[in-house]
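Worksheet: the structure to be examined is printed underneath.
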Amino acid sequence: MPVSPSAGGARIFLLFALGYALSYALRTVNAVIAPDLVAQFGLSNAQLGALSSAYFFSFAAMQLPLGIWLDRYGSRKTDAALLAIAALGCLVFALATESWMLGLGRAIIGVGVSGALMAAFRAFRFWFPPEGQQRLAAWMLMAGSMGALVSTVPAQALLPFIGWRGIFLACALLLALSSLALIVLMQPEPQQPPSSLASQWGGYAQVFREPYFWRFAVAGITLQASFISFQSLWAGPWFTRVLGLSAQQSAQALLVFNLVLMLAYLVLGWAASRLSARGWSTLRVVAIGSVLMVAAQIGIALVQGPWAWLMWLPLAVGVTTFTLAHSHVSLSFPSELTGRAFSAFNLMLFVGMFISQWAFGALVDALGAWLQAGEALSFRAAMAAWALIQALGLAVMLGWRVSPPQSAGPDPSGSARR
């Protein structure tokens, strides 16, 4: 039954937002601590990308069982258990003495935070009215951006005092407290009645064979997933190695970048219902954001000079529109498939993140050897190739004319379901 803020809605939102902010901070902090990891463990670009992508690989591997757990046990129990596992992953990473231990720690963290956003989205469907779903989704992403903000200048400022190991020890403590808060302060939402294992997994077949799901998922894989791999790792090296910024200047640029992202999510949360009321479809809004992203990345690849980092800001604005696509597509399915629909879409995104985070570093190394050019030119050539891939993903979303599935409940996005 939907609740109002006075009846505990604000508490429900904040409990999930805390865990997601921590998960996003852990996702993006490698962009700041990358120089320390490279110096201490002697990592190449490909190794650095593989290390960070271990998070995305384990995160993606958890999405299918996560959807079943969410629908079977509810968001509260599932997310609390997983955040406790994330705390353990932070301990492993903080105590690492070799590079494989870093990878193991990142993988465990990925398992632990894999439900932070999906658990919130599923809980919101049960606790909040349909017309508020996309607004809440945008605000959750804003909370994630706040976590990303903390992982920039504040994290850089803490490095001389507690080092990257101390940062991860602090995250372990905060994750444990977040897990405990969910159990103590959150009441469980309604759960689905028990069903057979075959029927639980069969729900995914219903989701994955839906063409409308793939229409948006292809664009999500190529555009949104690539953005997150840049935000969580490659933006930092781009600022220092391509644009020649110092570590401090890079952290400041990342702070502005993530601040713009946070504000864009805030504006989107305010504007989503208003755009829908005026007849703007989700496809239209996402298409505009996607075109902005591709144009920004072409500019990133070409523009030089001390202010070239500003080209990353429109990229941050454009990607926010995919929040609407995620909620819109997932909530088009019947309520009993909510957890699995959200998790299936998220799986596709994180498969894309895992591939792009590793592949971009490998492509930079390969282009450097092939072109016999400096690292900056290799980075720019790789970014240009990525913009082409994203343009193809955008073409699929715009050109594939399929209709949404029939939801068992009211449409959460109004006219956006077109």
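How things are named: the first chain in the structure tokens is A, the next is B, and so on; residues count from 1 in each chain; ligands count from 1 in the order shown.
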Secondary structure check, alpha helix (DSSP H) residues of region 317-395 of chain A, as a ChimeraX atom specification: /A:317-319,322-330,338-371,375-395
Restrict the calculation to only C-alpha atoms, then for each residue of region 92-176 of chain A with any atom at most 10 Å from an atom of region 344-356 of chain A give the closest atom pair and their distance in Å to one decimal, rows by chain and rising residue number, as a Markdown table.
| residue | atom | partner | partner_atom | distance |
| --- | --- | --- | --- | --- |
| A:Ser114 | CA | A:Asn346 | CA | 9.3 |
| A:Gly115 | CA | A:Asn346 | CA | 9.9 |
| A:Leu117 | CA | A:Asn346 | CA | 9.3 |
| A:Met118 | CA | A:Asn346 | CA | 8.0 |
Residue selection dump (N, CA and C atoms) as a CSV table (one decimal), in the first residue's frame:
chain,number,residue,atom,x,y,z
A,114,SER,N,25.3,-5.2,-5.5
A,114,SER,CA,24.5,-5.5,-6.7
A,114,SER,C,23.0,-5.2,-6.5
A,115,GLY,N,22.5,-5.2,-5.3
A,115,GLY,CA,21.1,-5.0,-5.1
A,115,GLY,C,20.7,-3.6,-4.6
A,117,LEU,N,20.4,-0.5,-5.9
A,117,LEU,CA,19.5,0.3,-6.7
A,117,LEU,C,18.2,-0.5,-7.0
A,118,MET,N,18.4,-1.8,-7.4
A,118,MET,CA,17.2,-2.6,-7.8
A,118,MET,C,16.3,-2.9,-6.6
Selection: 6 Å around Gln63 (chain A), only C-alpha atoms, excl. self and same-chain fewer than 2 positions, as a PyMOL selection string: chain A and resi 60-61+65-66+343+347
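For region 26-41 of chain A, the set of protein, DNA and RNA residues having any atom at most 8 Å away, when counting only C-alpha atoms and skipping those fewer than 4 positions along the same chain, is Leu22, Leu48, Ser52, Tyr55, Glu98, Ser99, Ala148, Ser151, Thr152, Ala155, Gln156, Trp164, Gln231, Ser232, Leu233, Trp234, Ala235, Gly236, Pro237, Ala247 and Ala251 of chain A.
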Keeping only N, CA and C atoms, write the selected residues as an mmCIF file, in the first residue's frame.
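Produced file part-v5.cif, reproduced below:
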data_model
loop_
_atom_site.group_PDB
_atom_site.id
_atom_site.type_symbol
_atom_site.label_atom_id
_atom_site.label_comp_id
_atom_site.auth_asym_id
_atom_site.auth_seq_id
_atom_site.Cartn_x
_atom_site.Cartn_y
_atom_site.Cartn_z
ATOM 1 N N LEU A 22 26.708 4.839 -1.073
ATOM 2 C CA LEU A 22 27.960 4.148 -0.758
ATOM 3 C C LEU A 22 28.399 3.262 -1.921
ATOM 4 N N LEU A 48 44.605 -2.224 -15.170
ATOM 5 C CA LEU A 48 43.796 -1.309 -14.369
ATOM 6 C C LEU A 48 42.330 -1.441 -14.752
ATOM 7 N N SER A 52 39.238 -2.891 -12.215
ATOM 8 C CA SER A 52 37.995 -2.196 -11.926
ATOM 9 C C SER A 52 36.794 -2.939 -12.478
ATOM 10 N N TYR A 55 34.582 -5.591 -10.464
ATOM 11 C CA TYR A 55 33.378 -5.104 -9.772
ATOM 12 C C TYR A 55 32.158 -5.305 -10.651
ATOM 13 N N GLU A 98 48.720 -7.818 -2.854
ATOM 14 C CA GLU A 98 49.024 -8.136 -4.249
ATOM 15 C C GLU A 98 47.829 -7.764 -5.112
ATOM 16 N N SER A 99 48.081 -7.661 -6.423
ATOM 17 C CA SER A 99 47.035 -7.170 -7.311
ATOM 18 C C SER A 99 45.832 -8.116 -7.372
ATOM 19 N N ALA A 148 29.219 9.649 -5.674
ATOM 20 C CA ALA A 148 30.313 9.889 -6.612
ATOM 21 C C ALA A 148 31.049 11.175 -6.282
ATOM 22 N N SER A 151 33.578 10.687 -3.669
ATOM 23 C CA SER A 151 34.745 9.927 -4.124
ATOM 24 C C SER A 151 35.716 10.776 -4.946
ATOM 25 N N THR A 152 35.472 12.085 -5.079
ATOM 26 C CA THR A 152 36.374 12.939 -5.869
ATOM 27 C C THR A 152 37.268 13.773 -4.954
ATOM 28 N N ALA A 155 37.683 12.505 -1.278
ATOM 29 C CA ALA A 155 38.557 11.326 -1.224
ATOM 30 C C ALA A 155 40.003 11.714 -1.491
ATOM 31 N N GLN A 156 40.218 12.597 -2.463
ATOM 32 C CA GLN A 156 41.575 13.061 -2.760
ATOM 33 C C GLN A 156 42.179 13.763 -1.555
ATOM 34 N N TRP A 164 44.469 5.190 0.530
ATOM 35 C CA TRP A 164 43.338 4.501 -0.088
ATOM 36 C C TRP A 164 42.862 3.332 0.768
ATOM 37 N N GLN A 231 32.969 7.206 -16.105
ATOM 38 C CA GLN A 231 32.842 7.921 -14.836
ATOM 39 C C GLN A 231 33.591 7.212 -13.716
ATOM 40 N N SER A 232 33.507 5.892 -13.685
ATOM 41 C CA SER A 232 34.069 5.136 -12.574
ATOM 42 C C SER A 232 35.553 4.845 -12.719
ATOM 43 N N LEU A 233 36.125 5.082 -13.901
ATOM 44 C CA LEU A 233 37.566 4.825 -14.055
ATOM 45 C C LEU A 233 38.245 5.785 -15.028
ATOM 46 N N TRP A 234 37.823 5.785 -16.300
ATOM 47 C CA TRP A 234 38.652 6.385 -17.341
ATOM 48 C C TRP A 234 38.620 7.901 -17.399
ATOM 49 N N ALA A 235 37.647 8.529 -16.750
ATOM 50 C CA ALA A 235 37.641 9.995 -16.738
ATOM 51 C C ALA A 235 38.878 10.534 -16.029
ATOM 52 N N GLY A 236 39.265 9.921 -14.908
ATOM 53 C CA GLY A 236 40.449 10.371 -14.175
ATOM 54 C C GLY A 236 41.715 10.299 -15.010
ATOM 55 N N PRO A 237 42.059 9.110 -15.578
ATOM 56 C CA PRO A 237 43.223 9.036 -16.463
ATOM 57 C C PRO A 237 43.136 9.959 -17.672
ATOM 58 N N ALA A 247 46.909 15.693 -10.399
ATOM 59 C CA ALA A 247 45.985 14.839 -9.663
ATOM 60 C C ALA A 247 44.934 15.667 -8.936
ATOM 61 N N ALA A 251 40.874 15.713 -9.720
ATOM 62 C CA ALA A 251 39.855 15.489 -8.692
ATOM 63 C C ALA A 251 38.833 16.621 -8.683
#
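Using only C-alpha atoms, the shortest contact distance between Thr321 (chain A) and any of A:Gly202, A:Gly220, A:Gly279, A:Gly305 is found at A:Gly220.
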Record the distance separating CA of Leu310 (chain A) and CA of Ile221 (chain A), expressed in Å with one decimal. 24.4 Å
Of the candidates A:Ser332, A:Gln390, A:Thr222, A:Thr78, which one gets nearest to Ile298 (chain A) if we count only C-alpha atoms?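 Counting only C-alpha atoms, the residue closest to Ile298 (chain A) is A:Gln390.
Here CA of Ala381 (chain A) is placed at a distance of 11.0 Å from CA of Asp365 (chain A).
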Atomic distance CA of Leu15 (chain A) - CA of Gly132 (chain A), expressed in Å with one decimal: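 Separating CA of Leu15 (chain A) from CA of Gly132 (chain A) is a distance of 17.7 Å.
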Please list as a PyMOL selection string every residue within 9 Å of Ala295 (chain A), counting only C-alpha atoms and excluding residues in the same chain fewer than 6 positions away. chain A and resi 314-315+387
Using only C-alpha atoms, please write the residues we just selected to a file, as a PDB file, in the first residue's frame.
ATOM      1  CA  PRO A 314      27.052  17.652 -21.429  1.00  0.00           C
ATOM      2  CA  LEU A 315      27.865  13.947 -21.369  1.00  0.00           C
ATOM      3  CA  ALA A 387      31.257   7.379 -30.154  1.00  0.00           C
TER       4      ALA A 387
END
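The residue that comes closest to Phe124 (chain A), out of A:Gly289, A:Gly9, A:Gly49, A:Gly89 and on the basis of only C-alpha atoms, is A:Gly9.
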Fewer than 6 positions away in the same chain doesn't count, so skip those; otherwise give me all residues within 6 Å of region 391-405 of chain A, counting only C-alpha atoms, as a PDB file with C-alpha atoms, in the first residue's frame.
ATOM      1  CA  TYR A 212      10.570  -3.812 -26.359  1.00  0.00           C
ATOM      2  CA  ARG A 215      14.928  -1.867 -27.947  1.00  0.00           C
ATOM      3  CA  PHE A 216      16.041   0.157 -24.933  1.00  0.00           C
ATOM      4  CA  VAL A 218      20.808  -2.095 -26.689  1.00  0.00           C
ATOM      5  CA  ALA A 219      21.036   1.671 -26.248  1.00  0.00           C
ATOM      6  CA  THR A 222      26.254   1.066 -25.639  1.00  0.00           C
TER       7      THR A 222
END
Write out as a list in words which residues come within 8 Å of region 322-325 of chain A when counting only C-alpha atoms, dropping same-chain ones fewer than 3 positions away.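 Residues meeting the cut-off are Gln134, Ala137, Ala138, Leu141, Phe216, Gly220, Gln224, Ala272, Thr282, Leu283, Val286, Gly289, Val319, His328 and Val329 of chain A.
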Expected file contents, prior selection, C-alpha atoms, as a JSON list (two decimals), in the first residue's frame:
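The new file out00.json reads:
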[["chain", "number", "residue", "atom", "x", "y", "z"],
["A", 134, "GLN", "CA", 10.23, 7.91, -12.32],
["A", 137, "ALA", "CA", 14.23, 6.74, -9.71],
["A", 138, "ALA", "CA", 15.83, 10.05, -10.71],
["A", 141, "LEU", "CA", 20.40, 8.35, -9.10],
["A", 216, "PHE", "CA", 16.04, 0.16, -24.93],
["A", 220, "GLY", "CA", 21.61, 1.23, -22.52],
["A", 224, "GLN", "CA", 24.71, 4.35, -20.42],
["A", 272, "ALA", "CA", 9.79, 13.83, -15.53],
["A", 282, "THR", "CA", 10.19, 8.23, -22.81],
["A", 283, "LEU", "CA", 11.66, 7.41, -26.23],
["A", 286, "VAL", "CA", 16.03, 9.34, -24.05],
["A", 289, "GLY", "CA", 19.85, 12.67, -24.17],
["A", 319, "VAL", "CA", 23.04, 10.15, -19.57],
["A", 328, "HIS", "CA", 9.69, 2.74, -17.96],
["A", 329, "VAL", "CA", 10.69, -0.60, -19.50]]
